[in-house]
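This report concerns only the one structure given below.
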Amino acid sequence: MNLDVLRCPDCRGQLNPRATTLICANCGAAWPLREAIPVMYREPWVKGPDKLLRYFYDGVPRLHDPLVRYGLPLWQVGGTEDEIRQGYLRRLRLDALQPSAEPPRFLEVSVGSGASIGLVRNAAAAVPDMEYWGFDLSWGMMSLARERIRKSLQRPVSWVQGDAHALPFADDTFDRVLHVGGIGGFRDPALALAEMCRVAKPGAPIVVVDEQLDPNRPNGWWPRMWFRAVTFYDDRPHCPTEALPPGVTDVLEEQLSRFYYGLSFRAPA
Ligand SMILES: C[S@@+](CC[C@H](N)C(=O)[O-])C[C@H]1O[C@@H](n2cnc3c(N)ncnc32)[C@H](O)[C@@H]1O
């Protein structure tokens with residue numbers, strides 16, 4: 001793991017490895033390593049819906065993938081997982097990445113069980129040395145992602161456990177940032193979006209995907225009932241364009257399926 005990229009979430013100081021911890025060179029905070037993965041958050045930060053949903057993600061992580069693959073098309077009446085994932089992948093503009101002396105860096109905030117990793121790597125085939133950073137709050141979900149990468153013999157991923165509201169990365173670090181499926185349950189989506197912009201390089205494409213019931217098609221009782229059920233923790237599931245920080249450009253809001261929006265933009269220059 002490239003430690004130059006990591007920062008103390010308390011003060012953004014640089015980190016030095018010491019036995020089973022990372023020590024902040026600035027404030028002295030200690031961040032533990034669990035199975036060699038930096039744990040970069042403190043438990044009191046996890047509140048509200050973040051905490052509630054973590055019971056699901058840590059408790060029954062193996063339910064997530066079958067529900068998305070087989071449940072979602074039934075509930076939203078069409079629109080498969082593959083169609084949704086292809087819909088946001090193209091907005092990442094991975095084909096624009098060129099081989100260079102310094103490998104590009106890709107950050108997936110809330111990597112979950114890692115369903116996007118192989119798709120992103122395939123779409124970025126021109127840069128096989130791209131560093132992939134997988135970040136998530138749930139140890140259970142990240143364990144599934146690690147298992148997926150091990151079994152499919154994909155290139156290694158740099159894993160970090162933490163909270164999207166305090167990304168433990170240096171400013172202007174990533175060439176692409178992706179987030180799928182969590183922001184509607186975050187306690188402060190505007191802060192999470194500002195953090196994604198902070199760690200992205202100026203002008204880097206950022207893509208955020210989550211639930212919004214398509215306002216431009218007729219939605220009968222069946223999809224409306226299921227949409228309410230799968231977004232029970234959010235009183236107004238919607239595309240958070242209004243929460244974007246100042247200075248972002250090329251903002252595009254689109255509906256990827258009946259239940260999912262895609263919000264793409266570039267980090268402030
Ligand atoms: C619906 S899953 C989506 C997983 C994956 N991105 C995908 O496309 O399948 C949402 C993920 O968001 C993560 N998450 C929830 N709150 C978070 C937070 N505050 N910081 C980072 N990740 C969080 C959960 O642990 C979970 O893995």
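In the structure tokens, each chain is lettered A, B, ... as it comes, each chain's residues begin at 1, and ligands are numbered from 1 in order of appearance.
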
Inset, instruction - Name each residue within 9 Å of ligand 1, counting only C-alpha atoms and all ligand atoms, as an MDAnalysis selection string. - result: chainID A and resid 45:47 49:51 53:54 56:58 61 64:65 68 85 108:116 135:142 161:167 178:183 185:188 192 209:210

With C-alpha atoms retained, write the just-selected residues as a PDB file, in the first residue's frame.
ATOM      1  CA  TRP A  45     -18.532   8.977  14.335  1.00  0.00           C
ATOM      2  CA  VAL A  46     -20.966   6.303  13.149  1.00  0.00           C
ATOM      3  CA  LYS A  47     -24.462   7.578  13.872  1.00  0.00           C
ATOM      4  CA  PRO A  49     -28.795   5.697   9.410  1.00  0.00           C
ATOM      5  CA  ASP A  50     -25.077   4.872   8.912  1.00  0.00           C
ATOM      6  CA  LYS A  51     -25.202   2.889  12.135  1.00  0.00           C
ATOM      7  CA  LEU A  53     -27.573   0.119   7.953  1.00  0.00           C
ATOM      8  CA  ARG A  54     -24.260  -1.215   9.192  1.00  0.00           C
ATOM      9  CA  PHE A  56     -27.374  -5.182   7.786  1.00  0.00           C
ATOM     10  CA  TYR A  57     -24.051  -4.815   5.953  1.00  0.00           C
ATOM     11  CA  ASP A  58     -22.024  -6.393   8.748  1.00  0.00           C
ATOM     12  CA  PRO A  61     -23.388  -9.144   3.882  1.00  0.00           C
ATOM     13  CA  HIS A  64     -26.553  -7.981  -0.646  1.00  0.00           C
ATOM     14  CA  ASP A  65     -25.447  -9.393  -4.010  1.00  0.00           C
ATOM     15  CA  VAL A  68     -29.318  -6.663  -6.156  1.00  0.00           C
ATOM     16  CA  ARG A  85     -23.535  -0.697 -13.781  1.00  0.00           C
ATOM     17  CA  GLU A 108     -14.279   3.642  -4.818  1.00  0.00           C
ATOM     18  CA  VAL A 109     -16.029   5.065  -1.772  1.00  0.00           C
ATOM     19  CA  SER A 110     -18.298   2.360  -0.261  1.00  0.00           C
ATOM     20  CA  VAL A 111     -16.802  -0.439  -2.351  1.00  0.00           C
ATOM     21  CA  GLY A 112     -19.184  -2.936  -0.726  1.00  0.00           C
ATOM     22  CA  SER A 113     -18.714  -6.475  -2.025  1.00  0.00           C
ATOM     23  CA  GLY A 114     -16.565  -5.177  -4.887  1.00  0.00           C
ATOM     24  CA  ALA A 115     -18.969  -5.641  -7.808  1.00  0.00           C
ATOM     25  CA  SER A 116     -17.552  -2.643  -9.701  1.00  0.00           C
ATOM     26  CA  PHE A 135     -12.942   2.066   0.913  1.00  0.00           C
ATOM     27  CA  ASP A 136     -15.903   1.082   3.082  1.00  0.00           C
ATOM     28  CA  LEU A 137     -17.286   1.392   6.585  1.00  0.00           C
ATOM     29  CA  SER A 138     -18.421  -2.230   6.803  1.00  0.00           C
ATOM     30  CA  TRP A 139     -15.808  -4.848   7.551  1.00  0.00           C
ATOM     31  CA  GLY A 140     -18.312  -7.555   6.511  1.00  0.00           C
ATOM     32  CA  MET A 141     -18.856  -6.075   3.045  1.00  0.00           C
ATOM     33  CA  MET A 142     -15.172  -5.399   2.509  1.00  0.00           C
ATOM     34  CA  GLN A 161     -11.921   0.906   6.363  1.00  0.00           C
ATOM     35  CA  GLY A 162     -13.404   4.276   7.235  1.00  0.00           C
ATOM     36  CA  ASP A 163     -16.234   6.781   7.068  1.00  0.00           C
ATOM     37  CA  ALA A 164     -17.072   8.588   3.829  1.00  0.00           C
ATOM     38  CA  HIS A 165     -17.593  11.798   5.845  1.00  0.00           C
ATOM     39  CA  ALA A 166     -13.876  11.940   6.715  1.00  0.00           C
ATOM     40  CA  LEU A 167     -11.905  10.386   3.864  1.00  0.00           C
ATOM     41  CA  LEU A 178     -16.888   6.363  -7.764  1.00  0.00           C
ATOM     42  CA  HIS A 179     -19.606   5.907  -5.197  1.00  0.00           C
ATOM     43  CA  VAL A 180     -22.552   3.522  -5.643  1.00  0.00           C
ATOM     44  CA  GLY A 181     -25.426   2.816  -3.338  1.00  0.00           C
ATOM     45  CA  GLY A 182     -24.743   4.348   0.060  1.00  0.00           C
ATOM     46  CA  ILE A 183     -25.087   8.131   0.038  1.00  0.00           C
ATOM     47  CA  GLY A 185     -28.188   6.619   3.993  1.00  0.00           C
ATOM     48  CA  PHE A 186     -25.281   8.895   4.910  1.00  0.00           C
ATOM     49  CA  ARG A 187     -25.890  11.281   7.789  1.00  0.00           C
ATOM     50  CA  ASP A 188     -24.507  14.231   5.755  1.00  0.00           C
ATOM     51  CA  ALA A 192     -19.448  13.217   1.758  1.00  0.00           C
ATOM     52  CA  VAL A 209     -25.195   6.535  -7.948  1.00  0.00           C
ATOM     53  CA  ASP A 210     -28.050   5.787  -5.583  1.00  0.00           C
TER      54      ASP A 210
END

For the contact check between stretch 72-144 of chain A and stretch 228-239 of chain A, emit one row per residue of stretch 72-144 of chain A within 12 Å, containing the shortest atom pair and the distance in Å rounded to one decimal, counting only C-alpha atoms, chain then rising number order, as CSV.
residue,atom,partner,partner_atom,distance
A:Leu72,CA,A:Val230,CA,9.6
A:Trp75,CA,A:Val230,CA,9.5
A:Gln76,CA,A:Val230,CA,10.8

What would the file look like if the residues just selected were written as a PDB file, in the first residue's frame with C-alpha atoms?
ATOM      1  CA  LEU A  72     -33.951  -5.521  -7.952  1.00  0.00           C
ATOM      2  CA  TRP A  75     -39.037  -4.896  -7.705  1.00  0.00           C
ATOM      3  CA  GLN A  76     -38.343  -2.151 -10.212  1.00  0.00           C
TER       4      GLN A  76
END

Inset, instruction - May I have all residues of stretch 123-254 of chain A that DSSP, computed from the backbone, assigns to alpha helix (DSSP H), given as a PyMOL selection string? - result: chain A and resi 123+139-151+189-199+221-230

Write to file, as a PDB file, in the first residue's frame, the residues of the selection just made, with C-alpha atoms.
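This went into selection03.pdb:
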ATOM      1  CA  ALA A 123     -12.843  -0.521 -18.885  1.00  0.00           C
ATOM      2  CA  TRP A 139     -15.808  -4.848   7.551  1.00  0.00           C
ATOM      3  CA  GLY A 140     -18.312  -7.555   6.511  1.00  0.00           C
ATOM      4  CA  MET A 141     -18.856  -6.075   3.045  1.00  0.00           C
ATOM      5  CA  MET A 142     -15.172  -5.399   2.509  1.00  0.00           C
ATOM      6  CA  SER A 143     -14.367  -9.002   3.470  1.00  0.00           C
ATOM      7  CA  LEU A 144     -16.616 -10.170   0.619  1.00  0.00           C
ATOM      8  CA  ALA A 145     -14.835  -7.822  -1.775  1.00  0.00           C
ATOM      9  CA  ARG A 146     -11.458  -9.155  -0.657  1.00  0.00           C
ATOM     10  CA  GLU A 147     -12.701 -12.725  -1.173  1.00  0.00           C
ATOM     11  CA  ARG A 148     -13.964 -11.787  -4.649  1.00  0.00           C
ATOM     12  CA  ILE A 149     -10.573 -10.368  -5.643  1.00  0.00           C
ATOM     13  CA  ARG A 150      -8.705 -13.370  -4.192  1.00  0.00           C
ATOM     14  CA  LYS A 151     -10.904 -15.904  -5.981  1.00  0.00           C
ATOM     15  CA  PRO A 189     -24.456  13.693   1.954  1.00  0.00           C
ATOM     16  CA  ALA A 190     -23.121  17.229   1.305  1.00  0.00           C
ATOM     17  CA  LEU A 191     -20.086  16.555   3.485  1.00  0.00           C
ATOM     18  CA  ALA A 192     -19.448  13.217   1.758  1.00  0.00           C
ATOM     19  CA  LEU A 193     -19.641  14.908  -1.679  1.00  0.00           C
ATOM     20  CA  ALA A 194     -17.256  17.650  -0.529  1.00  0.00           C
ATOM     21  CA  GLU A 195     -14.846  14.967   0.670  1.00  0.00           C
ATOM     22  CA  MET A 196     -14.970  13.161  -2.693  1.00  0.00           C
ATOM     23  CA  CYS A 197     -14.165  16.477  -4.413  1.00  0.00           C
ATOM     24  CA  ARG A 198     -11.335  17.238  -1.996  1.00  0.00           C
ATOM     25  CA  VAL A 199      -9.493  13.974  -2.617  1.00  0.00           C
ATOM     26  CA  TRP A 221     -48.182   0.432  -6.691  1.00  0.00           C
ATOM     27  CA  TRP A 222     -45.732  -2.487  -7.041  1.00  0.00           C
ATOM     28  CA  PRO A 223     -42.546  -0.488  -7.769  1.00  0.00           C
ATOM     29  CA  ARG A 224     -43.644   2.282  -5.403  1.00  0.00           C
ATOM     30  CA  MET A 225     -44.152  -0.213  -2.579  1.00  0.00           C
ATOM     31  CA  TRP A 226     -40.739  -1.841  -3.141  1.00  0.00           C
ATOM     32  CA  PHE A 227     -38.998   1.498  -3.537  1.00  0.00           C
ATOM     33  CA  ARG A 228     -40.364   2.586  -0.162  1.00  0.00           C
ATOM     34  CA  ALA A 229     -39.256  -0.712   1.368  1.00  0.00           C
ATOM     35  CA  VAL A 230     -35.667  -0.577   0.082  1.00  0.00           C
TER      36      VAL A 230
END

Inset, instruction - For A:Val157, please output as a count of residues only all residues within 9 Å (counting only C-alpha atoms; exclusion window: fewer than 3 positions along the same chain). - result: 9

Legend entry - Test item, strand (DSSP E or B) assignment across stretch 171-251 of chain A, answer as JSON, numbers by chain: {"A": [174, 176, 177, 178, 179, 180, 200, 205, 206, 207, 208, 209, 210, 211, 249, 250, 251]}

Inset, instruction - Please identify all polymer residues within 9 Å of A:Pro104, counting only C-alpha atoms, omitting same-chain residues fewer than 4 positions from it, and present them as a PyMOL selection string. - result: chain A and resi 97-100+127+129-132+174-176

Residue selection dump (C-alpha atoms) as a PDB file, in the first residue's frame:
ATOM      1  CA  LEU A  97      -6.792   7.371 -19.003  1.00  0.00           C
ATOM      2  CA  GLN A  98      -3.375   7.046 -20.623  1.00  0.00           C
ATOM      3  CA  PRO A  99      -0.316   5.101 -19.490  1.00  0.00           C
ATOM      4  CA  SER A 100       2.098   7.448 -17.739  1.00  0.00           C
ATOM      5  CA  VAL A 127      -3.752   1.416 -17.660  1.00  0.00           C
ATOM      6  CA  ASP A 129      -1.075  -0.482 -13.375  1.00  0.00           C
ATOM      7  CA  MET A 130      -3.933   1.760 -12.111  1.00  0.00           C
ATOM      8  CA  GLU A 131      -4.057   1.769  -8.286  1.00  0.00           C
ATOM      9  CA  TYR A 132      -7.523   0.747  -7.075  1.00  0.00           C
ATOM     10  CA  PHE A 174      -7.401  10.450  -7.282  1.00  0.00           C
ATOM     11  CA  ASP A 175      -7.945  10.489 -11.055  1.00  0.00           C
ATOM     12  CA  ARG A 176     -11.437   9.030 -10.714  1.00  0.00           C
TER      13      ARG A 176
END

Legend entry - Length of the atom CA of A:Pro168 to atom CA of A:Met40 vector [Å]: 6.6 Å

Legend entry - Atom-to-atom span, atom CA of A:Gly79 and atom CA of A:Ser257, Å: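 Straight-line distance from atom CA of A:Gly79 to atom CA of A:Ser257 works out to 5.6 Å.
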
Inset, instruction - Rank nothing, just name the residue among A:Pro215, A:Pro17, A:Pro246, A:Gly220 nearest to A:Phe265, using only C-alpha atoms. - result: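 Smallest separation from A:Phe265 among the options: A:Pro246.
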